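start_14.txt follows; it contains compact mmCIF, C-alpha atoms.
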# COMPACT_ATOMS: atom_id res chain seq x y z
CA MET F 28 17.32 68.96 -16.94
CA LYS F 29 14.80 70.85 -19.01
CA LEU F 30 14.42 70.81 -22.81
CA PHE F 31 12.09 72.97 -24.87
CA HIS F 32 10.69 71.14 -27.90
CA VAL F 33 9.25 73.52 -30.48
CA SER F 34 8.07 72.94 -34.03
CA ASP F 35 6.34 74.41 -37.07
CA VAL F 36 7.12 78.06 -36.41
CA HIS F 37 6.53 78.78 -40.12
CA PHE F 38 8.32 82.11 -40.52
CA GLY F 39 6.24 83.83 -43.16
CA ALA F 40 3.10 82.75 -41.29
CA GLU F 41 4.50 83.03 -37.76
CA ASP F 42 2.48 84.23 -34.80
CA PRO F 43 4.39 87.22 -33.32
CA ALA F 44 2.63 86.90 -29.96
CA ALA F 45 3.55 83.21 -29.75
CA LEU F 46 7.18 83.92 -30.64
CA ALA F 47 7.43 86.65 -28.01
CA TRP F 48 5.87 84.33 -25.43
CA PHE F 49 8.38 81.58 -26.26
CA GLU F 50 11.27 84.06 -26.06
CA ARG F 51 10.15 85.12 -22.59
CA CYS F 52 9.92 81.50 -21.45
CA VAL F 53 13.47 80.81 -22.67
CA ALA F 54 14.83 84.00 -21.11
CA ASP F 55 13.14 83.37 -17.76
CA GLU F 56 13.74 79.62 -17.46
CA ARG F 57 16.96 78.99 -19.43
CA PRO F 58 16.30 75.48 -20.75
CA ASP F 59 19.34 73.30 -21.40
CA ALA F 60 18.52 73.19 -25.13
CA VAL F 61 15.85 73.97 -27.71
CA ILE F 62 14.94 71.22 -30.17
CA MET F 63 13.21 72.55 -33.28
CA THR F 64 11.58 69.72 -35.24
CA GLY F 65 11.09 71.33 -38.61
CA ASP F 66 9.04 73.75 -40.69
CA LEU F 67 11.01 76.75 -39.56
CA THR F 68 9.70 78.49 -42.69
CA MET F 69 6.48 78.69 -44.68
CA ARG F 70 7.79 78.80 -48.25
CA ALA F 71 11.55 78.11 -47.85
CA ARG F 72 12.39 81.68 -48.85
CA PRO F 73 15.84 83.05 -47.95
CA SER F 74 14.25 85.87 -45.95
CA GLU F 75 12.22 83.36 -43.91
CA PHE F 76 15.26 81.20 -43.16
CA ASP F 77 17.29 84.24 -42.21
CA ALA F 78 14.59 85.55 -39.87
CA GLY F 79 14.03 82.11 -38.33
CA GLY F 80 17.73 81.41 -37.90
CA LYS F 81 18.38 84.79 -36.29
CA TRP F 82 15.44 84.25 -33.94
CA LEU F 83 16.68 80.85 -32.80
CA ARG F 84 20.27 82.02 -32.40
CA SER F 85 19.07 84.99 -30.34
CA LEU F 86 17.65 82.62 -27.71
CA GLY F 87 21.14 82.10 -26.29
CA VAL F 88 20.85 78.36 -25.60
CA PRO F 89 21.98 75.30 -27.60
CA VAL F 90 19.66 74.73 -30.58
CA THR F 91 19.24 72.04 -33.22
CA ILE F 92 16.86 72.25 -36.21
CA GLU F 93 15.39 69.45 -38.29
CA VAL F 94 14.25 69.96 -41.88
CA GLY F 95 10.50 70.05 -42.46
CA ASN F 96 8.55 69.69 -45.69
CA HIS F 97 7.99 73.49 -45.78
CA ASP F 98 11.75 74.00 -45.60
CA ILE F 99 12.25 72.59 -49.11
CA PRO F 100 11.43 74.73 -52.20
CA TYR F 101 7.86 74.15 -53.33
CA TYR F 102 6.61 72.24 -56.37
CA TRP F 103 6.59 75.36 -58.57
CA ASP F 104 10.39 75.52 -58.21
CA PRO F 105 11.22 71.92 -59.24
CA LEU F 106 14.84 72.46 -60.28
CA ARG F 107 15.80 74.05 -56.98
CA ARG F 108 13.76 71.48 -55.06
CA LEU F 109 15.46 68.52 -56.75
CA PHE F 110 19.01 69.77 -57.19
CA SER F 111 19.73 72.46 -54.58
CA PRO F 112 17.05 72.31 -51.89
CA TYR F 113 19.28 73.34 -48.99
CA LYS F 114 20.91 76.51 -50.38
CA ARG F 115 18.73 79.06 -48.60
CA TYR F 116 19.24 78.44 -44.91
CA GLY F 117 21.15 81.65 -44.17
CA ALA F 118 21.45 82.25 -40.42
CA ALA F 119 19.93 78.81 -39.74
CA GLU F 120 22.50 76.80 -41.71
CA ARG F 121 24.82 75.81 -38.85
CA LEU F 122 21.91 74.62 -36.72
CA ILE F 123 20.47 72.19 -39.27
CA GLU F 124 20.58 68.52 -38.21
CA LYS F 125 23.11 69.32 -35.50
CA PRO F 126 23.51 66.50 -32.94
CA LEU F 127 23.55 67.72 -29.35
CA ASP F 128 25.37 65.97 -26.52
CA LEU F 129 24.07 67.16 -23.16
CA PRO F 130 24.86 65.70 -19.74
CA GLY F 131 23.04 62.37 -19.78
CA VAL F 132 21.08 63.09 -22.99
CA SER F 133 22.00 62.84 -26.67
CA ILE F 134 19.84 64.48 -29.37
CA ILE F 135 20.20 62.68 -32.72
CA PRO F 136 18.74 63.96 -36.04
CA LEU F 137 16.59 61.85 -38.39
CA LYS F 138 15.69 63.21 -41.82
CA THR F 139 12.05 62.47 -42.69
CA THR F 140 11.61 64.72 -45.74
CA ALA F 141 12.03 63.84 -49.41
CA ARG F 142 12.63 65.98 -52.49
CA ALA F 143 10.29 63.74 -54.48
CA GLN F 144 8.10 60.70 -53.82
CA TRP F 145 6.07 58.20 -55.80
CA ARG F 146 2.79 59.77 -54.62
CA TRP F 147 1.03 63.05 -55.15
CA ASN F 148 1.46 64.52 -51.69
CA TRP F 149 5.16 65.14 -51.16
CA SER F 150 4.50 66.92 -47.85
CA LYS F 151 4.12 63.57 -46.10
CA GLY F 152 6.99 61.83 -44.36
CA ASN F 153 9.59 59.51 -45.83
CA VAL F 154 12.55 57.83 -44.15
CA SER F 155 15.10 56.64 -46.68
CA ASP F 156 17.46 53.76 -46.04
CA GLY F 157 20.36 56.20 -46.11
CA ALA F 158 18.77 58.56 -43.59
CA LEU F 159 18.00 55.71 -41.22
CA LYS F 160 21.51 54.28 -41.47
CA LYS F 161 23.01 57.67 -40.71
CA THR F 162 20.84 58.07 -37.64
CA LEU F 163 21.52 54.55 -36.38
CA ALA F 164 25.26 55.15 -36.76
CA LEU F 165 24.96 58.25 -34.58
CA VAL F 166 22.88 56.36 -32.01
CA ALA F 167 25.59 53.72 -31.81
CA GLN F 168 28.11 56.42 -30.81
CA VAL F 169 26.04 57.75 -27.90
CA PRO F 170 27.83 57.49 -24.54
CA LYS F 171 26.67 54.52 -22.52
CA GLY F 172 23.92 55.38 -20.08
CA ASN F 173 22.69 58.45 -21.97
CA LEU F 174 19.06 58.91 -22.88
CA VAL F 175 18.71 58.86 -26.68
CA PHE F 176 16.25 61.34 -28.17
CA VAL F 177 15.84 61.14 -31.95
CA ALA F 178 14.45 64.29 -33.58
CA GLY F 179 12.74 64.47 -36.98
CA HIS F 180 9.90 66.42 -38.54
CA HIS F 181 7.24 63.81 -39.29
CA PRO F 182 5.76 61.40 -36.74
CA LEU F 183 6.98 57.94 -37.73
CA ILE F 184 3.58 56.37 -37.12
CA GLU F 185 0.18 57.98 -36.71
CA GLY F 186 -0.59 59.34 -33.27
CA PRO F 187 -3.62 60.75 -31.46
CA THR F 188 -3.95 63.87 -33.62
CA LYS F 189 -6.24 65.04 -36.39
CA GLY F 190 -3.30 65.79 -38.67
CA THR F 191 -1.46 62.90 -40.33
CA ALA F 192 2.09 62.25 -41.48
CA LYS F 193 1.67 58.95 -43.38
CA THR F 194 5.42 58.47 -43.14
CA ARG F 195 6.74 55.88 -45.55
CA ASN F 196 9.08 53.40 -43.88
CA GLY F 197 8.26 55.09 -40.59
CA ASP F 198 7.24 51.84 -38.95
CA VAL F 199 10.47 50.19 -40.10
CA ALA F 200 12.51 53.14 -38.80
CA LEU F 201 10.71 53.13 -35.45
CA ALA F 202 11.32 49.41 -34.96
CA ALA F 203 15.01 49.86 -35.83
CA LEU F 204 15.34 52.79 -33.42
CA ALA F 205 13.71 50.77 -30.67
CA ASP F 206 16.11 47.90 -31.30
CA ALA F 207 19.00 50.38 -31.17
CA GLY F 208 17.92 51.64 -27.75
CA ALA F 209 16.29 55.01 -28.54
CA HIS F 210 14.18 56.32 -25.69
CA ALA F 211 12.07 58.89 -27.55
CA VAL F 212 11.35 60.18 -31.05
CA LEU F 213 10.47 63.88 -31.20
CA SER F 214 8.50 65.31 -34.11
CA GLY F 215 6.22 68.09 -35.33
CA HIS F 216 4.17 68.45 -38.55
CA VAL F 217 0.71 67.76 -37.09
CA HIS F 218 0.62 71.02 -35.07
CA ASP F 219 -0.78 69.42 -31.90
CA PRO F 220 1.11 68.05 -28.87
CA PHE F 221 1.18 64.41 -27.79
CA ASP F 222 3.33 61.89 -25.91
CA VAL F 223 2.47 58.22 -26.37
CA PRO F 224 4.44 54.99 -25.84
CA TYR F 225 5.39 52.52 -28.56
CA HIS F 226 6.21 49.00 -27.34
CA ARG F 227 8.50 46.61 -29.19
CA ARG F 228 9.47 43.36 -27.54
CA ASP F 229 10.74 44.40 -24.10
CA TRP F 230 11.49 48.01 -25.06
CA THR F 231 9.39 51.19 -24.96
CA VAL F 232 10.00 54.25 -27.12
CA ARG F 233 8.08 57.44 -26.45
CA LEU F 234 6.65 59.30 -29.45
CA ILE F 235 6.53 63.01 -28.60
CA GLY F 236 4.95 65.62 -30.87
CA ALA F 237 5.05 69.40 -30.46
CA GLY F 238 2.43 71.98 -31.37
CA THR F 239 3.00 75.10 -33.49
CA LEU F 240 4.03 78.71 -32.86
CA SER F 241 2.47 79.81 -36.14
CA LYS F 242 -0.97 81.09 -37.07
CA ARG F 243 -1.71 77.66 -38.59
CA THR F 244 -3.13 76.12 -35.44
CA ARG F 245 -5.36 73.06 -35.43
CA GLN F 246 -6.90 71.54 -32.31
CA SER F 247 -4.75 73.39 -29.76
CA PRO F 248 -3.65 77.03 -29.45
CA PRO F 249 0.00 77.94 -30.14
CA ALA F 250 2.10 75.54 -28.07
CA PHE F 251 5.46 74.01 -27.33
CA ASN F 252 6.63 71.13 -25.14
CA GLU F 253 8.71 71.23 -21.99
CA ILE F 254 10.51 67.93 -21.45
CA HIS F 255 11.55 67.54 -17.83
CA ILE F 256 14.26 64.93 -17.22
CA ILE F 257 15.27 63.40 -13.89
CA GLY F 258 17.74 60.54 -14.20
CA ASN F 259 16.39 58.10 -16.77
CA ARG F 260 12.79 59.25 -16.42
CA PHE F 261 11.25 62.12 -18.33
CA GLU F 262 7.89 63.79 -18.62
CA THR F 263 6.39 65.98 -21.34
CA LEU F 264 4.48 69.09 -20.33
CA ALA F 265 2.35 70.88 -22.93
CA ARG F 266 2.54 74.66 -22.70
CA THR F 267 -0.04 76.68 -24.59
CA LEU F 268 -0.55 80.37 -25.23
CA SER F 269 -3.75 80.40 -23.22
CA SER F 270 -5.03 80.62 -19.67
CA GLU F 271 -4.45 76.88 -19.29
CA PRO F 272 -1.42 76.14 -17.08
CA LYS F 273 1.30 73.83 -18.35
CA HIS F 274 0.25 70.23 -17.84
CA PRO F 275 1.66 66.71 -18.33
CA ILE F 276 0.59 64.88 -21.48
CA SER F 277 2.78 61.77 -21.10
CA GLU F 278 0.91 58.50 -20.94
CA THR F 279 3.91 57.22 -19.00
CA ALA F 280 7.12 58.72 -17.64
CA ASP F 281 8.94 55.45 -18.36
CA SER F 282 10.91 54.34 -21.39
CA GLY F 283 13.39 51.60 -22.11
CA VAL F 284 12.90 48.11 -20.69
CA THR F 285 9.27 47.34 -20.03
CA PRO F 286 8.70 46.10 -16.44
Translate the structure described by the file into structure tokens.
Amino acid sequence: MKLFHVSDVHFGAEDPAALAWFERCVADERPDAVIMTGDLTMRARPSEFDAGGKWLRSLGVPVTIEVGNHDIPYYWDPLRRLFSPYKRYGAAERLIEKPLDLPGVSIIPLKTTARAQWRWNWSKGNVSDGALKKTLALVAQVPKGNLVFVAGHHPLIEGPTKGTAKTRNGDVALAALADAGAHAVLSGHVHDPFDVPYHRRDWTVRLIGAGTLSKRTRQSPPAFNEIHIIGNRFETLARTLSSEPKHPISETADSGVTP
């Protein structure tokens, strides 16, 4: 099985060459699903959501989208941000936080954004008690034997990237997901790819971050992840819009019970 994990497309600041490249990869290789971990838009404008939603739906494969901090109206529109932040999704609406059940793999959403926080920078991550409970309830319904991939926008803890998420309650959420049997947590936000293990007791959860298909690159060129699954083992390959061939970035291909 092959999954494409893409993030931070930022319609409104998208990179047309990167989008066309991704479209060709999907058309040529037909992944089993595309997981989009947030920041579909740049300023949460209806036109951006409509363009992003139409683009994702045109790929012709199962898609799920998580909400990123750029997908909520900005600070200068406080009423809409606080009281009706999700009214602009247009063509993307039916894909938002949509669980996917694939043969042997379940994709479960986790909301990591907040309309407001008790700190100045509201772009950083936050996992509320309600969001975590909702995700854990979905994890509990996963068919026995399936790999469990949880998808959210912000990394739950800091990884090996220059960008940061500083996700509040992220460590608590990650521990709870590990205890519930999650195998991986997919995220975006930092615009650079990574795949690192998190160990809790006798369990290992993989933290997998995708790059960006926007013009807002950081340490790597425009990129997305290919997650290759064989049985209960999976490997993350970083694919960049460059001369560099796709290459594994997983520190380990194992998850679950630690040997």
Query raised in the report: Of the residues F:Leu46, F:Leu165, F:Leu183, F:Ile135, which is the one nearest to Trp82 in chain F, using all atoms listed in the file?
Result: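 The closest residue to Trp82 in chain F is F:Leu46.
A straight line drawn from CA of Arg245 in chain F to CA of Trp48 in chain F is 18.8 Å long.
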Taking only residues of range 154-198 of chain F that have an atom at most 7 Å from an atom of range 60-69 of chain F, what is each one's shortest atom pair and its distance in Å to one decimal, using only C-alpha atoms, in chain and number order, as JSON lines?
{"residue": "F:Ala178", "atom": "CA", "partner": "F:Thr64", "partner_atom": "CA", "distance": 6.4}
{"residue": "F:Gly179", "atom": "CA", "partner": "F:Thr64", "partner_atom": "CA", "distance": 5.7}
{"residue": "F:His180", "atom": "CA", "partner": "F:Thr64", "partner_atom": "CA", "distance": 5.0}
Within 9 Å of Ala192 in chain F, counting only C-alpha atoms, which residues qualify if same-chain residues fewer than 6 places away don't, as a PDB file with C-alpha atoms, in the coordinates of the input?
ATOM      1  CA  SER F 150       4.500  66.920 -47.850  1.00  0.00           C
ATOM      2  CA  LYS F 151       4.120  63.570 -46.100  1.00  0.00           C
ATOM      3  CA  GLY F 152       6.990  61.830 -44.360  1.00  0.00           C
ATOM      4  CA  HIS F 181       7.240  63.810 -39.290  1.00  0.00           C
ATOM      5  CA  PRO F 182       5.760  61.400 -36.740  1.00  0.00           C
ATOM      6  CA  LEU F 183       6.980  57.940 -37.730  1.00  0.00           C
ATOM      7  CA  ILE F 184       3.580  56.370 -37.120  1.00  0.00           C
ATOM      8  CA  GLU F 185       0.180  57.980 -36.710  1.00  0.00           C
ATOM      9  CA  HIS F 216       4.170  68.450 -38.550  1.00  0.00           C
ATOM     10  CA  VAL F 217       0.710  67.760 -37.090  1.00  0.00           C
TER      11      VAL F 217
END
**Report entry** Separation of CA of Ile256 in chain F from CA of Thr139 in chain F, in Å and rounded to one decimal
**Finding:**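 A separation of 25.7 Å between them.
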Query raised in the report: Between F:Pro58, F:Leu30, F:Ala45, F:Thr188, which one has atoms that come closest to Pro249 in chain F, using only C-alpha atoms?
Result: F:Ala45
**Report entry** Which of F:Gly258, F:Pro130, F:Gly87, F:Pro248 sits closest to Glu271 in chain F [using all atoms listed in the file]
**Finding:** F:Pro248
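Rounded to one decimal, CA of Glu41 in chain F and CA of Arg70 in chain F lie 11.8 Å from each other.
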Kindly extract all protein, DNA and RNA residues lying within 8 Å of the coordinates (22.6, 56.5, -16.9) given in the file, considering all atoms listed in the file, and supply them as a PDB file with C-alpha atoms, keeping the file's coordinate frame.
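New file part39.pdb:
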ATOM      1  CA  GLY F 131      23.040  62.370 -19.780  1.00  0.00           C
ATOM      2  CA  LYS F 171      26.670  54.520 -22.520  1.00  0.00           C
ATOM      3  CA  GLY F 172      23.920  55.380 -20.080  1.00  0.00           C
ATOM      4  CA  ASN F 173      22.690  58.450 -21.970  1.00  0.00           C
ATOM      5  CA  LEU F 174      19.060  58.910 -22.880  1.00  0.00           C
ATOM      6  CA  GLY F 258      17.740  60.540 -14.200  1.00  0.00           C
ATOM      7  CA  ASN F 259      16.390  58.100 -16.770  1.00  0.00           C
TER       8      ASN F 259
END
Report task. Counting all atoms listed in the file, select every polymer residue within 10 Å of (14.7, 78.1, -41.0) as defined in the file's coordinates, and provide the selection as a PyMOL selection string. Result -> chain F and resi 35-38+63+65-69+71-83+92-95+97-98+115-120+122-123
Report task. Between F:Gly238, F:Gly283, F:Pro170, F:Pro43, single out the one closest to Tyr225 in chain F, counting all atoms listed in the file. Result -> F:Gly283
Query raised in the report: With only C-alpha atoms as the atoms that count, which of F:Glu278, F:Asp128, F:Asp55, F:Asp42 lies nearest to Leu264 in chain F?
Result: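 For Leu264 in chain F, the nearest of the candidates is F:Glu278.
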Report task. Name all residues at most 12 Å from Ala54 in chain F (count all atoms listed in the file; drop same-chain ones fewer than 3 positions away) and give them as a VMD selection string. Result -> chain F and resid 31 47 to 51 57 to 59 85 to 88
Query raised in the report: Closest to Lys273 in chain F among F:Gly190, F:Ala200, F:Cys52, F:Val175, using only C-alpha atoms?
Result: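 Comparing F:Gly190, F:Ala200, F:Cys52, F:Val175 against Lys273 in chain F, the winner is F:Cys52.
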